[in-house]
$ cat my_file.pdb   # PDB, C-alpha atoms
MODEL        1
ATOM      1  CA  MET A   1      18.025 -79.455   4.443
ATOM      2  CA  LEU A   2      18.179 -79.504   0.676
ATOM      3  CA  ASN A   3      15.324 -81.154  -1.103
ATOM      4  CA  PRO A   4      16.970 -84.277  -2.555
ATOM      5  CA  GLN A   5      14.689 -84.028  -5.614
ATOM      6  CA  ARG A   6      16.032 -80.564  -6.521
ATOM      7  CA  SER A   7      19.178 -80.543  -8.628
ATOM      8  CA  LEU A   8      22.063 -78.196  -7.999
ATOM      9  CA  SER A   9      21.434 -76.558 -11.400
ATOM     10  CA  GLU A  10      18.203 -75.094 -10.043
ATOM     11  CA  LEU A  11      19.878 -73.283  -7.161
ATOM     12  CA  PRO A  12      20.798 -70.106  -9.156
ATOM     13  CA  LYS A  13      17.103 -69.604  -9.928
ATOM     14  CA  MET A  14      16.583 -69.036  -6.221
ATOM     15  CA  SER A  15      18.977 -66.114  -6.205
ATOM     16  CA  GLY A  16      18.243 -62.464  -6.749
ATOM     17  CA  PRO A  17      19.684 -60.500  -9.698
ATOM     18  CA  SER A  18      23.397 -59.939  -9.591
ATOM     19  CA  GLN A  19      25.125 -56.624 -10.113
ATOM     20  CA  ALA A  20      26.292 -57.948 -13.491
ATOM     21  CA  GLU A  21      22.734 -58.776 -14.572
ATOM     22  CA  ARG A  22      21.608 -55.285 -13.671
ATOM     23  CA  ALA A  23      24.512 -53.825 -15.630
ATOM     24  CA  VAL A  24      23.602 -55.890 -18.701
ATOM     25  CA  LEU A  25      19.982 -54.720 -18.510
ATOM     26  CA  GLU A  26      21.073 -51.105 -18.101
ATOM     27  CA  GLU A  27      23.346 -51.437 -21.135
ATOM     28  CA  GLU A  28      20.537 -52.961 -23.183
ATOM     29  CA  PHE A  29      18.201 -50.151 -22.218
ATOM     30  CA  ASN A  30      20.765 -47.460 -23.085
ATOM     31  CA  TRP A  31      21.292 -49.100 -26.482
ATOM     32  CA  LEU A  32      17.519 -49.106 -27.017
ATOM     33  CA  LEU A  33      17.239 -45.392 -26.213
ATOM     34  CA  LYS A  34      20.271 -44.415 -28.276
ATOM     35  CA  GLU A  35      20.071 -46.720 -31.300
ATOM     36  CA  GLU A  36      16.859 -48.674 -31.751
ATOM     37  CA  VAL A  37      14.474 -45.818 -30.951
ATOM     38  CA  HIS A  38      16.087 -43.630 -33.619
ATOM     39  CA  ALA A  39      16.052 -46.498 -36.127
ATOM     40  CA  VAL A  40      12.291 -46.845 -35.620
ATOM     41  CA  LEU A  41      11.787 -43.070 -35.853
ATOM     42  CA  LYS A  42      13.700 -43.018 -39.157
ATOM     43  CA  GLN A  43      11.557 -45.864 -40.483
ATOM     44  CA  LEU A  44       8.388 -44.038 -39.439
ATOM     45  CA  GLN A  45       9.529 -40.842 -41.140
ATOM     46  CA  ASP A  46      10.278 -42.657 -44.400
ATOM     47  CA  ILE A  47       6.836 -44.293 -44.427
ATOM     48  CA  LEU A  48       4.941 -41.117 -43.553
ATOM     49  CA  LYS A  49       6.876 -38.969 -46.034
ATOM     50  CA  GLU A  50       5.724 -41.330 -48.767
ATOM     51  CA  ALA A  51       2.130 -41.047 -47.528
ATOM     52  CA  SER A  52       2.383 -37.258 -47.352
ATOM     53  CA  ARG A  53       3.801 -37.077 -50.884
ATOM     54  CA  ARG A  54       0.714 -38.831 -52.222
ATOM     55  CA  PHE A  55      -1.530 -36.332 -50.441
ATOM     56  CA  SER A  56       0.234 -33.298 -51.906
ATOM     57  CA  ILE A  57      -1.656 -30.610 -53.751
ATOM     58  CA  PRO A  58      -0.601 -29.248 -57.150
ATOM     59  CA  THR A  59       1.776 -26.289 -56.995
ATOM     60  CA  PRO A  60       1.120 -23.529 -59.562
ATOM     61  CA  GLY A  61       3.554 -24.002 -62.424
ATOM     62  CA  LEU A  62       4.554 -27.452 -61.134
ATOM     63  CA  GLU A  63       1.347 -29.371 -61.734
ATOM     64  CA  ASN A  64       3.225 -32.249 -63.332
ATOM     65  CA  GLN A  65       4.843 -33.102 -60.005
ATOM     66  CA  LEU A  66       1.633 -34.879 -59.065
ATOM     67  CA  LYS A  67      -0.010 -36.823 -61.832
ATOM     68  CA  GLN A  68      -3.696 -36.594 -62.571
ATOM     69  CA  GLU A  69      -5.570 -39.867 -62.383
ATOM     70  CA  ASN A  70      -8.869 -40.656 -64.048
ATOM     71  CA  PHE A  71     -11.317 -43.001 -62.341
ATOM     72  CA  ILE A  72     -14.430 -44.492 -63.905
ATOM     73  CA  LEU A  73     -17.397 -44.551 -61.548
ATOM     74  CA  GLY A  74     -19.089 -47.920 -61.289
ATOM     75  CA  SER A  75     -22.291 -49.147 -59.705
ATOM     76  CA  SER A  76     -23.756 -52.545 -58.927
ATOM     77  CA  THR A  77     -27.254 -51.142 -59.516
ATOM     78  CA  MET A  78     -28.871 -49.718 -62.651
ATOM     79  CA  ASP A  79     -26.797 -47.362 -64.784
ATOM     80  CA  GLN A  80     -28.652 -44.222 -63.745
ATOM     81  CA  VAL A  81     -25.361 -42.449 -63.070
ATOM     82  CA  LYS A  82     -22.119 -42.780 -65.014
ATOM     83  CA  GLY A  83     -19.038 -40.659 -64.890
ATOM     84  CA  VAL A  84     -15.296 -40.107 -64.824
ATOM     85  CA  LEU A  85     -13.531 -38.297 -62.005
ATOM     86  CA  THR A  86     -10.065 -36.750 -62.244
ATOM     87  CA  LEU A  87      -8.140 -36.754 -58.972
ATOM     88  CA  GLN A  88      -4.859 -34.944 -58.342
ATOM     89  CA  GLY A  89      -3.749 -35.390 -54.744
ATOM     90  CA  GLU A  90      -6.488 -33.976 -52.556
ATOM     91  CA  ALA A  91      -8.202 -32.110 -55.386
ATOM     92  CA  LEU A  92     -10.909 -33.254 -57.758
ATOM     93  CA  THR A  93      -9.853 -31.322 -60.843
ATOM     94  CA  GLN A  94     -12.623 -32.579 -63.124
ATOM     95  CA  ALA A  95     -15.886 -34.478 -62.928
ATOM     96  CA  ASP A  96     -17.762 -35.674 -65.994
ATOM     97  CA  ILE A  97     -21.175 -36.994 -64.943
ATOM     98  CA  ASN A  98     -24.121 -38.390 -66.891
ATOM     99  CA  LEU A  99     -27.425 -38.641 -65.029
ATOM    100  CA  LYS A 100     -30.523 -40.380 -66.395
ATOM    101  CA  THR A 101     -33.588 -38.732 -64.879
ATOM    102  CA  ALA A 102     -36.522 -40.797 -63.688
ATOM    103  CA  LYS A 103     -39.156 -38.404 -65.018
ATOM    104  CA  SER A 104     -38.127 -37.975 -68.639
ATOM    105  CA  ASN A 105     -35.623 -40.820 -68.964
ATOM    106  CA  GLN A 106     -33.325 -38.299 -70.614
ATOM    107  CA  VAL A 107     -29.606 -38.160 -69.916
ATOM    108  CA  MET A 108     -28.260 -34.935 -68.411
ATOM    109  CA  HIS A 109     -24.565 -34.176 -68.723
ATOM    110  CA  PHE A 110     -22.580 -32.115 -66.190
ATOM    111  CA  THR A 111     -18.909 -31.241 -65.862
ATOM    112  CA  PHE A 112     -16.858 -29.093 -63.499
ATOM    113  CA  ARG A 113     -16.359 -25.524 -64.615
ATOM    114  CA  ASP A 114     -12.853 -24.975 -65.976
ATOM    115  CA  ASP A 115     -12.027 -22.493 -63.210
ATOM    116  CA  LYS A 116     -13.108 -24.806 -60.389
ATOM    117  CA  HIS A 117     -11.366 -27.548 -58.376
ATOM    118  CA  TRP A 118     -13.042 -29.325 -55.474
ATOM    119  CA  LYS A 119     -10.840 -30.089 -52.496
ATOM    120  CA  LEU A 120     -11.715 -33.264 -50.654
ATOM    121  CA  GLN A 121     -11.649 -32.202 -47.016
ATOM    122  CA  GLN A 122     -11.066 -35.750 -45.764
ATOM    123  CA  ILE A 123      -7.830 -36.112 -47.721
ATOM    124  CA  GLN A 124      -6.736 -32.615 -46.694
ATOM    125  CA  ASP A 125      -7.360 -33.347 -43.015
ATOM    126  CA  ALA A 126      -5.591 -36.718 -43.210
ATOM    127  CA  ARG A 127      -2.587 -35.054 -44.834
ATOM    128  CA  ASN A 128      -2.476 -32.415 -42.088
ATOM    129  CA  HIS A 129      -2.454 -35.103 -39.393
ATOM    130  CA  VAL A 130       0.350 -36.969 -41.194
ATOM    131  CA  ASN A 131       2.378 -33.756 -41.395
ATOM    132  CA  GLN A 132       1.845 -33.141 -37.667
ATOM    133  CA  ALA A 133       3.127 -36.662 -36.975
ATOM    134  CA  LEU A 134       6.181 -35.917 -39.145
ATOM    135  CA  GLN A 135       6.828 -32.693 -37.225
ATOM    136  CA  LEU A 136       6.785 -34.613 -33.961
ATOM    137  CA  LEU A 137       9.285 -37.131 -35.333
ATOM    138  CA  SER A 138      11.605 -34.557 -36.915
ATOM    139  CA  GLY A 139      11.894 -32.800 -33.556
ATOM    140  CA  ARG A 140      13.767 -35.854 -32.258
ATOM    141  CA  ASP A 141      16.599 -36.372 -34.766
ATOM    142  CA  GLU A 142      19.570 -38.698 -34.283
ATOM    143  CA  SER A 143      21.424 -36.140 -32.173
ATOM    144  CA  TYR A 144      18.650 -36.162 -29.582
ATOM    145  CA  HIS A 145      19.200 -38.409 -26.574
ATOM    146  CA  PHE A 146      16.132 -39.928 -24.977
ATOM    147  CA  LYS A 147      16.637 -40.133 -21.225
ATOM    148  CA  THR A 148      13.706 -42.299 -20.114
ATOM    149  CA  GLY A 149      11.282 -44.863 -21.441
ATOM    150  CA  ALA A 150       8.423 -42.578 -20.458
ATOM    151  CA  GLU A 151       9.782 -39.941 -22.846
ATOM    152  CA  VAL A 152       9.741 -42.440 -25.718
ATOM    153  CA  ASN A 153       6.209 -43.560 -24.874
ATOM    154  CA  LYS A 154       4.993 -39.963 -24.726
ATOM    155  CA  LEU A 155       6.303 -39.342 -28.255
ATOM    156  CA  MET A 156       4.809 -42.591 -29.552
ATOM    157  CA  ASP A 157       1.423 -41.760 -28.016
ATOM    158  CA  ALA A 158       1.443 -38.339 -29.693
ATOM    159  CA  VAL A 159       2.396 -39.811 -33.085
ATOM    160  CA  MET A 160      -0.198 -42.597 -32.778
ATOM    161  CA  LEU A 161      -2.892 -40.033 -31.968
ATOM    162  CA  GLN A 162      -2.183 -38.134 -35.211
ATOM    163  CA  LEU A 163      -2.055 -41.347 -37.262
ATOM    164  CA  THR A 164      -5.321 -42.597 -35.770
ATOM    165  CA  ARG A 165      -6.985 -39.278 -36.584
ATOM    166  CA  ALA A 166      -5.608 -39.412 -40.137
ATOM    167  CA  ARG A 167      -6.924 -42.941 -40.627
ATOM    168  CA  ASN A 168     -10.311 -42.049 -39.131
ATOM    169  CA  ARG A 169     -10.749 -39.183 -41.586
ATOM    170  CA  LEU A 170     -10.453 -41.619 -44.487
ATOM    171  CA  THR A 171     -12.588 -44.339 -42.934
ATOM    172  CA  THR A 172     -15.357 -42.142 -41.491
ATOM    173  CA  PRO A 173     -17.019 -39.717 -43.953
ATOM    174  CA  ALA A 174     -18.612 -36.626 -42.464
ATOM    175  CA  ALA A 175     -22.349 -36.765 -41.847
ATOM    176  CA  MET A 176     -24.284 -33.878 -43.421
ATOM    177  CA  THR A 177     -27.869 -32.702 -43.432
ATOM    178  CA  LEU A 178     -29.760 -32.356 -46.706
ATOM    179  CA  PRO A 179     -29.928 -28.532 -46.410
ATOM    180  CA  GLU A 180     -26.143 -28.514 -45.944
ATOM    181  CA  LEU A 181     -25.748 -30.520 -49.139
ATOM    182  CA  ALA A 182     -28.171 -28.257 -50.993
ATOM    183  CA  THR A 183     -26.238 -25.102 -50.055
ATOM    184  CA  SER A 184     -22.779 -26.636 -50.439
ATOM    185  CA  GLY A 185     -20.258 -24.946 -52.703
ATOM    186  CA  LEU A 186     -20.133 -28.199 -54.647
ATOM    187  CA  MET A 187     -23.507 -27.348 -56.182
ATOM    188  CA  LYS A 188     -21.907 -24.288 -57.833
ATOM    189  CA  MET A 189     -19.112 -26.303 -59.423
ATOM    190  CA  PHE A 190     -20.942 -27.575 -62.487
ATOM    191  CA  THR A 191     -21.723 -26.442 -65.987
ATOM    192  CA  PRO A 192     -24.502 -26.404 -66.896
ATOM    193  CA  PRO A 193     -25.707 -25.658 -63.355
ATOM    194  CA  MET A 194     -27.354 -28.524 -61.504
ATOM    195  CA  PRO A 195     -31.174 -28.306 -61.613
ATOM    196  CA  GLY A 196     -32.973 -27.577 -58.359
ATOM    197  CA  ASP A 197     -34.218 -31.133 -57.994
ATOM    198  CA  VAL A 198     -30.730 -32.727 -58.049
ATOM    199  CA  MET A 199     -28.024 -32.729 -55.348
ATOM    200  CA  VAL A 200     -24.635 -34.414 -55.331
ATOM    201  CA  ASN A 201     -21.974 -35.230 -52.770
ATOM    202  CA  PHE A 202     -18.412 -36.553 -53.004
ATOM    203  CA  TYR A 203     -16.659 -38.312 -50.134
ATOM    204  CA  ILE A 204     -13.964 -40.834 -49.285
ATOM    205  CA  ASN A 205     -14.817 -44.188 -47.705
ATOM    206  CA  LEU A 206     -11.673 -46.233 -46.983
ATOM    207  CA  SER A 207      -9.942 -46.549 -50.365
ATOM    208  CA  LYS A 208     -13.006 -45.553 -52.401
ATOM    209  CA  LEU A 209     -13.995 -42.220 -53.888
ATOM    210  CA  CYS A 210     -17.791 -42.065 -53.776
ATOM    211  CA  LEU A 211     -20.382 -39.969 -55.573
ATOM    212  CA  THR A 212     -23.959 -39.837 -54.310
ATOM    213  CA  VAL A 213     -26.689 -38.276 -56.445
ATOM    214  CA  TYR A 214     -30.034 -37.348 -54.888
ATOM    215  CA  GLN A 215     -33.108 -36.724 -57.007
ATOM    216  CA  LEU A 216     -35.785 -34.678 -55.242
ATOM    217  CA  HIS A 217     -39.382 -33.731 -55.645
ATOM    218  CA  ALA A 218     -40.998 -30.656 -54.139
ATOM    219  CA  MET A 219     -43.728 -31.336 -51.608
ATOM    220  CA  GLN A 220     -46.969 -29.421 -51.934
ATOM    221  CA  PRO A 221     -47.289 -26.651 -49.323
ATOM    222  CA  ASN A 222     -50.704 -27.943 -48.267
ATOM    223  CA  THR A 223     -49.723 -31.620 -48.295
ATOM    224  CA  THR A 224     -51.226 -33.755 -45.560
ATOM    225  CA  LYS A 225     -48.194 -36.011 -45.533
ATOM    226  CA  ASN A 226     -46.386 -35.960 -42.210
ATOM    227  CA  PHE A 227     -43.287 -33.807 -42.590
ATOM    228  CA  LYS A 228     -40.312 -34.937 -40.557
ATOM    229  CA  PRO A 229     -36.958 -33.328 -41.422
ATOM    230  CA  SER A 230     -34.050 -35.761 -41.633
ATOM    231  CA  GLY A 231     -30.943 -35.329 -39.515
ATOM    232  CA  SER A 232     -27.284 -35.668 -40.465
ATOM    233  CA  SER A 233     -26.164 -38.740 -42.365
ATOM    234  CA  VAL A 234     -23.436 -39.907 -44.712
ATOM    235  CA  LEU A 235     -26.070 -41.414 -47.010
ATOM    236  CA  HIS A 236     -29.730 -40.345 -46.988
ATOM    237  CA  ASN A 237     -32.396 -42.791 -48.072
ATOM    238  CA  PRO A 238     -35.394 -42.252 -50.374
ATOM    239  CA  GLY A 239     -38.203 -40.647 -48.394
ATOM    240  CA  ALA A 240     -35.873 -38.355 -46.433
ATOM    241  CA  MET A 241     -37.318 -34.849 -46.114
ATOM    242  CA  PHE A 242     -35.929 -31.371 -45.597
ATOM    243  CA  GLU A 243     -36.926 -27.737 -45.788
ATOM    244  CA  LEU A 244     -34.990 -24.986 -47.545
ATOM    245  CA  ASN A 245     -36.069 -21.374 -48.119
ATOM    246  CA  ASN A 246     -39.607 -22.156 -46.915
ATOM    247  CA  ALA A 247     -39.937 -24.970 -49.455
ATOM    248  CA  LYS A 248     -40.203 -28.626 -48.502
ATOM    249  CA  PHE A 249     -38.521 -31.438 -50.416
ATOM    250  CA  GLU A 250     -38.441 -35.212 -50.325
ATOM    251  CA  VAL A 251     -35.729 -37.478 -51.690
ATOM    252  CA  SER A 252     -37.284 -39.615 -54.432
ATOM    253  CA  GLN A 253     -34.197 -41.509 -55.641
ATOM    254  CA  VAL A 254     -30.642 -42.084 -54.438
ATOM    255  CA  HIS A 255     -27.792 -43.267 -56.661
ATOM    256  CA  LYS A 256     -24.376 -44.123 -55.279
ATOM    257  CA  VAL A 257     -21.408 -44.867 -57.522
ATOM    258  CA  GLU A 258     -17.773 -45.286 -56.550
ATOM    259  CA  CYS A 259     -14.273 -46.080 -57.717
ATOM    260  CA  VAL A 260     -11.234 -47.553 -55.975
ATOM    261  CA  VAL A 261      -8.226 -45.240 -55.552
ATOM    262  CA  PRO A 262      -5.187 -47.531 -55.176
ATOM    263  CA  TRP A 263      -2.933 -44.989 -53.479
ATOM    264  CA  LEU A 264      -5.560 -44.407 -50.785
ATOM    265  CA  ASN A 265      -5.480 -48.133 -50.066
ATOM    266  CA  ASN A 266      -1.668 -47.989 -49.854
ATOM    267  CA  THR A 267      -1.899 -45.009 -47.522
ATOM    268  CA  LEU A 268      -4.189 -46.888 -45.143
ATOM    269  CA  ILE A 269      -1.665 -49.736 -45.151
ATOM    270  CA  PHE A 270       1.089 -47.217 -44.326
ATOM    271  CA  PHE A 271      -0.973 -46.022 -41.352
ATOM    272  CA  THR A 272      -1.444 -49.581 -40.091
ATOM    273  CA  ILE A 273       2.277 -50.394 -40.400
ATOM    274  CA  SER A 274       3.249 -47.125 -38.679
ATOM    275  CA  LEU A 275       0.850 -47.715 -35.790
ATOM    276  CA  GLN A 276       2.233 -51.240 -35.377
ATOM    277  CA  LEU A 277       5.819 -49.910 -35.294
ATOM    278  CA  CYS A 278       4.864 -47.388 -32.614
ATOM    279  CA  GLN A 279       3.134 -50.029 -30.504
ATOM    280  CA  GLN A 280       6.017 -52.503 -30.865
ATOM    281  CA  LEU A 281       8.491 -49.873 -29.668
ATOM    282  CA  LYS A 282       6.237 -49.043 -26.721
ATOM    283  CA  ASP A 283       6.005 -52.751 -25.840
ATOM    284  CA  LYS A 284       9.783 -53.173 -25.973
ATOM    285  CA  VAL A 285      10.339 -50.126 -23.772
ATOM    286  CA  GLY A 286       7.691 -51.408 -21.376
ATOM    287  CA  ASP A 287       9.293 -54.852 -21.152
ATOM    288  CA  ILE A 288      12.717 -53.493 -20.217
ATOM    289  CA  CYS A 289      11.281 -50.922 -17.821
ATOM    290  CA  GLY A 290       9.290 -53.723 -16.190
ATOM    291  CA  GLN A 291      12.443 -55.778 -15.694
ATOM    292  CA  GLN A 292      14.222 -52.763 -14.247
ATOM    293  CA  ASP A 293      11.401 -52.224 -11.784
ATOM    294  CA  THR A 294      11.553 -55.877 -10.761
ATOM    295  CA  PHE A 295      15.312 -55.685 -10.266
ATOM    296  CA  SER A 296      15.133 -52.439  -8.312
ATOM    297  CA  ASN A 297      12.666 -53.998  -5.882
ATOM    298  CA  THR A 298      14.745 -57.167  -5.436
ATOM    299  CA  PRO A 299      17.867 -57.190  -3.221
ATOM    300  CA  ILE A 300      21.099 -58.167  -4.935
ATOM    301  CA  GLY A 301      22.557 -61.605  -4.292
ATOM    302  CA  PRO A 302      21.292 -64.956  -3.017
ATOM    303  CA  GLN A 303      18.028 -64.833  -1.158
ATOM    304  CA  ASN A 304      18.248 -68.409   0.126
ATOM    305  CA  THR A 305      21.006 -69.936   2.219
ATOM    306  CA  LEU A 306      21.788 -73.581   2.706
ATOM    307  CA  LYS A 307      21.189 -74.979   6.133
TER     308      LYS A 307
ENDMDL
END
$ encode --input "my_file.pdb" --output "structure tokens"
Amino acid sequence: MLNPQRSLSELPKMSGPSQAERAVLEEEFNWLLKEEVHAVLKQLQDILKEASRRFSIPTPGLENQLKQENFILGSSTMDQVKGVLTLQGEALTQADINLKTAKSNQVMHFTFRDDKHWKLQQIQDARNHVNQALQLLSGRDESYHFKTGAEVNKLMDAVMLQLTRARNRLTTPAAMTLPELATSGLMKMFTPPMPGDVMVNFYINLSKLCLTVYQLHAMQPNTTKNFKPSGSSVLHNPGAMFELNNAKFEVSQVHKVECVVPWLNNTLIFFTISLQLCQQLKDKVGDICGQQDTFSNTPIGPQNTLK
């Protein structure tokens, strides 16, 4: 018998999906594959093209396409290091650095040689990952018809992988050993040449362009001090030791200065928005596919009969 406490309006909830309900779901899914997926892909392309444009490198004869920006290096510590960096896309086109030495308290002045630009590998790598994401998206233009939700998810996973790698390159500077820094091509960029007891390194950390200056002192060959070479690190601390060309050195002072690059901050925001768009599309596809699976495993029509 019917439960007298159950109203007649609840009876349809006891029934399985109708043919009409399945048809509506199928129509919704087809619209998603044909219309909404391509709308999201277009939105992603627009966002990533803007990010890629900011990463661009100067083209010979067309340098004005990408403006040069000057950034003043600031520090919360003592003013041992001051400077101005000129950034054009992924290239540092000029560096003007003043360093006050601990020994003599004199100020040394260094600039990039006129024939030298320093490419920031992190920005270059991030740009390459963005361009790979754009290639994936452009291969599925509006004329392409997605056939399954799995196909959409596969594309989104591939795009998200490239965007995550791009973001990681800007948020995770490369760790380097002190000998690697000492023999880096960056040390040959300056005029006058950097003295042998000074090393520098440029890197990106989130939206900041950072300069680290290491002042060294040579250790005596017969020193009784325990020598323990330092490993790889983004930032080495005073007391770190290394050996180069049979000579041993110790870091005596470390100075880190930095400046905020607004377009790098905007680019990281673009990455976050793009990753959210990808995930939202995957969630929507998953929801409809889940309903389809439920319907396909449920017989059509009423599953309960009145007795």
$ residues_around --input "my_file.pdb" --residues "Lys34 in chain A" --least-positions-apart "5" --cutoff "12 Å" --atoms "only C-alpha atoms" --output "list in words"
Glu27, Glu28, Phe29, Ala39, Val40, Leu41, Arg140, Asp141, Glu142, Ser143, Tyr144, His145, Phe146, Lys147, Thr148, Gly149 and Val152 of chain A
$ write_last_selection --input "my_file.pdb" --atoms "C-alpha atoms" --output "mmCIF file, in the frame of the given file"
data_model
loop_
_atom_site.group_PDB
_atom_site.id
_atom_site.type_symbol
_atom_site.label_atom_id
_atom_site.label_comp_id
_atom_site.auth_asym_id
_atom_site.auth_seq_id
_atom_site.Cartn_x
_atom_site.Cartn_y
_atom_site.Cartn_z
ATOM 1 C CA GLU A 27 23.346 -51.437 -21.135
ATOM 2 C CA GLU A 28 20.537 -52.961 -23.183
ATOM 3 C CA PHE A 29 18.201 -50.151 -22.218
ATOM 4 C CA ALA A 39 16.052 -46.498 -36.127
ATOM 5 C CA VAL A 40 12.291 -46.845 -35.620
ATOM 6 C CA LEU A 41 11.787 -43.070 -35.853
ATOM 7 C CA ARG A 140 13.767 -35.854 -32.258
ATOM 8 C CA ASP A 141 16.599 -36.372 -34.766
ATOM 9 C CA GLU A 142 19.570 -38.698 -34.283
ATOM 10 C CA SER A 143 21.424 -36.140 -32.173
ATOM 11 C CA TYR A 144 18.650 -36.162 -29.582
ATOM 12 C CA HIS A 145 19.200 -38.409 -26.574
ATOM 13 C CA PHE A 146 16.132 -39.928 -24.977
ATOM 14 C CA LYS A 147 16.637 -40.133 -21.225
ATOM 15 C CA THR A 148 13.706 -42.299 -20.114
ATOM 16 C CA GLY A 149 11.282 -44.863 -21.441
ATOM 17 C CA VAL A 152 9.741 -42.440 -25.718
#
$ residues_around --input "my_file.pdb" --residues "range 227-244 of chain A" --least-positions-apart "6" --cutoff "8 Å" --atoms "only C-alpha atoms" --output "PDB file with C-alpha atoms, keeping the file's coordinate frame"
ATOM      1  CA  PRO A 173     -17.019 -39.717 -43.953  1.00  0.00           C
ATOM      2  CA  ALA A 174     -18.612 -36.626 -42.464  1.00  0.00           C
ATOM      3  CA  ALA A 175     -22.349 -36.765 -41.847  1.00  0.00           C
ATOM      4  CA  MET A 176     -24.284 -33.878 -43.421  1.00  0.00           C
ATOM      5  CA  THR A 177     -27.869 -32.702 -43.432  1.00  0.00           C
ATOM      6  CA  LEU A 178     -29.760 -32.356 -46.706  1.00  0.00           C
ATOM      7  CA  PRO A 179     -29.928 -28.532 -46.410  1.00  0.00           C
ATOM      8  CA  THR A 212     -23.959 -39.837 -54.310  1.00  0.00           C
ATOM      9  CA  GLU A 250     -38.441 -35.212 -50.325  1.00  0.00           C
ATOM     10  CA  VAL A 251     -35.729 -37.478 -51.690  1.00  0.00           C
ATOM     11  CA  SER A 252     -37.284 -39.615 -54.432  1.00  0.00           C
ATOM     12  CA  GLN A 253     -34.197 -41.509 -55.641  1.00  0.00           C
ATOM     13  CA  VAL A 254     -30.642 -42.084 -54.438  1.00  0.00           C
TER      14      VAL A 254
END
$ residues_near_point --input "my_file.pdb" --point "(-29.1, -36.3, -65.6)" --cutoff "9 Å" --atoms "only C-alpha atoms" --output "mmCIF file with C-alpha atoms, in the coordinates of the input"
data_model
loop_
_atom_site.group_PDB
_atom_site.id
_atom_site.type_symbol
_atom_site.label_atom_id
_atom_site.label_comp_id
_atom_site.auth_asym_id
_atom_site.auth_seq_id
_atom_site.Cartn_x
_atom_site.Cartn_y
_atom_site.Cartn_z
ATOM 1 C CA GLN A 80 -28.652 -44.222 -63.745
ATOM 2 C CA VAL A 81 -25.361 -42.449 -63.070
ATOM 3 C CA ILE A 97 -21.175 -36.994 -64.943
ATOM 4 C CA ASN A 98 -24.121 -38.390 -66.891
ATOM 5 C CA LEU A 99 -27.425 -38.641 -65.029
ATOM 6 C CA LYS A 100 -30.523 -40.380 -66.395
ATOM 7 C CA THR A 101 -33.588 -38.732 -64.879
ATOM 8 C CA ALA A 102 -36.522 -40.797 -63.688
ATOM 9 C CA ASN A 105 -35.623 -40.820 -68.964
ATOM 10 C CA GLN A 106 -33.325 -38.299 -70.614
ATOM 11 C CA VAL A 107 -29.606 -38.160 -69.916
ATOM 12 C CA MET A 108 -28.260 -34.935 -68.411
ATOM 13 C CA HIS A 109 -24.565 -34.176 -68.723
ATOM 14 C CA PHE A 110 -22.580 -32.115 -66.190
ATOM 15 C CA MET A 194 -27.354 -28.524 -61.504
ATOM 16 C CA VAL A 198 -30.730 -32.727 -58.049
#
$ resolve_selection --input "my_file.pdb" --expression "the PyMOL selection byres ((chain A and resi 218) around 6)" --output "PDB file with C-alpha atoms, in the frame of the given file"
ATOM      1  CA  HIS A 217     -39.382 -33.731 -55.645  1.00  0.00           C
ATOM      2  CA  MET A 219     -43.728 -31.336 -51.608  1.00  0.00           C
ATOM      3  CA  PHE A 249     -38.521 -31.438 -50.416  1.00  0.00           C
TER       4      PHE A 249
END
$ closest_residue --input "my_file.pdb" --among "A:Leu137, A:Ala158, A:Val37, A:Leu163" --to "Gln276 in chain A" --atoms "all atoms listed in the file"
A:Leu163
$ resolve_selection --input "my_file.pdb" --expression "the PyMOL selection byres ((chain A and resi 88) around 7)" --output "PyMOL selection string"
chain A and resi 66-69+86-87+89-93
$ residues_near_point --input "my_file.pdb" --point "(-20.3, -49.1, -55.1)" --cutoff "12 Å" --atoms "all atoms listed in the file" --output "NGL selection string"
:A and (72-79 or 81-82 or 204-205 or 207-212 or 255-260)
$ resolve_selection --input "my_file.pdb" --expression "the PyMOL selection byres ((chain A and resi 126) around 12)" --output "PyMOL selection string"
chain A and resi 48+51-52+54-56+89-90+120-125+127-133+162-173+204+206+264+267-268+271
$ write_last_selection --input "my_file.pdb" --atoms "C-alpha atoms" --output "short mmCIF file (atom, residue, chain, number, x, y, z; two decimals), keeping the file's coordinate frame"
data_model
loop_
_atom_site.label_atom_id
_atom_site.label_comp_id
_atom_site.auth_asym_id
_atom_site.auth_seq_id
_atom_site.Cartn_x
_atom_site.Cartn_y
_atom_site.Cartn_z
CA LEU A 48 4.94 -41.12 -43.55
CA ALA A 51 2.13 -41.05 -47.53
CA SER A 52 2.38 -37.26 -47.35
CA ARG A 54 0.71 -38.83 -52.22
CA PHE A 55 -1.53 -36.33 -50.44
CA SER A 56 0.23 -33.30 -51.91
CA GLY A 89 -3.75 -35.39 -54.74
CA GLU A 90 -6.49 -33.98 -52.56
CA LEU A 120 -11.72 -33.26 -50.65
CA GLN A 121 -11.65 -32.20 -47.02
CA GLN A 122 -11.07 -35.75 -45.76
CA ILE A 123 -7.83 -36.11 -47.72
CA GLN A 124 -6.74 -32.62 -46.69
CA ASP A 125 -7.36 -33.35 -43.02
CA ARG A 127 -2.59 -35.05 -44.83
CA ASN A 128 -2.48 -32.42 -42.09
CA HIS A 129 -2.45 -35.10 -39.39
CA VAL A 130 0.35 -36.97 -41.19
CA ASN A 131 2.38 -33.76 -41.40
CA GLN A 132 1.84 -33.14 -37.67
CA ALA A 133 3.13 -36.66 -36.98
CA GLN A 162 -2.18 -38.13 -35.21
CA LEU A 163 -2.06 -41.35 -37.26
CA THR A 164 -5.32 -42.60 -35.77
CA ARG A 165 -6.98 -39.28 -36.58
CA ALA A 166 -5.61 -39.41 -40.14
CA ARG A 167 -6.92 -42.94 -40.63
CA ASN A 168 -10.31 -42.05 -39.13
CA ARG A 169 -10.75 -39.18 -41.59
CA LEU A 170 -10.45 -41.62 -44.49
CA THR A 171 -12.59 -44.34 -42.93
CA THR A 172 -15.36 -42.14 -41.49
CA PRO A 173 -17.02 -39.72 -43.95
CA ILE A 204 -13.96 -40.83 -49.28
CA LEU A 206 -11.67 -46.23 -46.98
CA LEU A 264 -5.56 -44.41 -50.78
CA THR A 267 -1.90 -45.01 -47.52
CA LEU A 268 -4.19 -46.89 -45.14
CA PHE A 271 -0.97 -46.02 -41.35
#
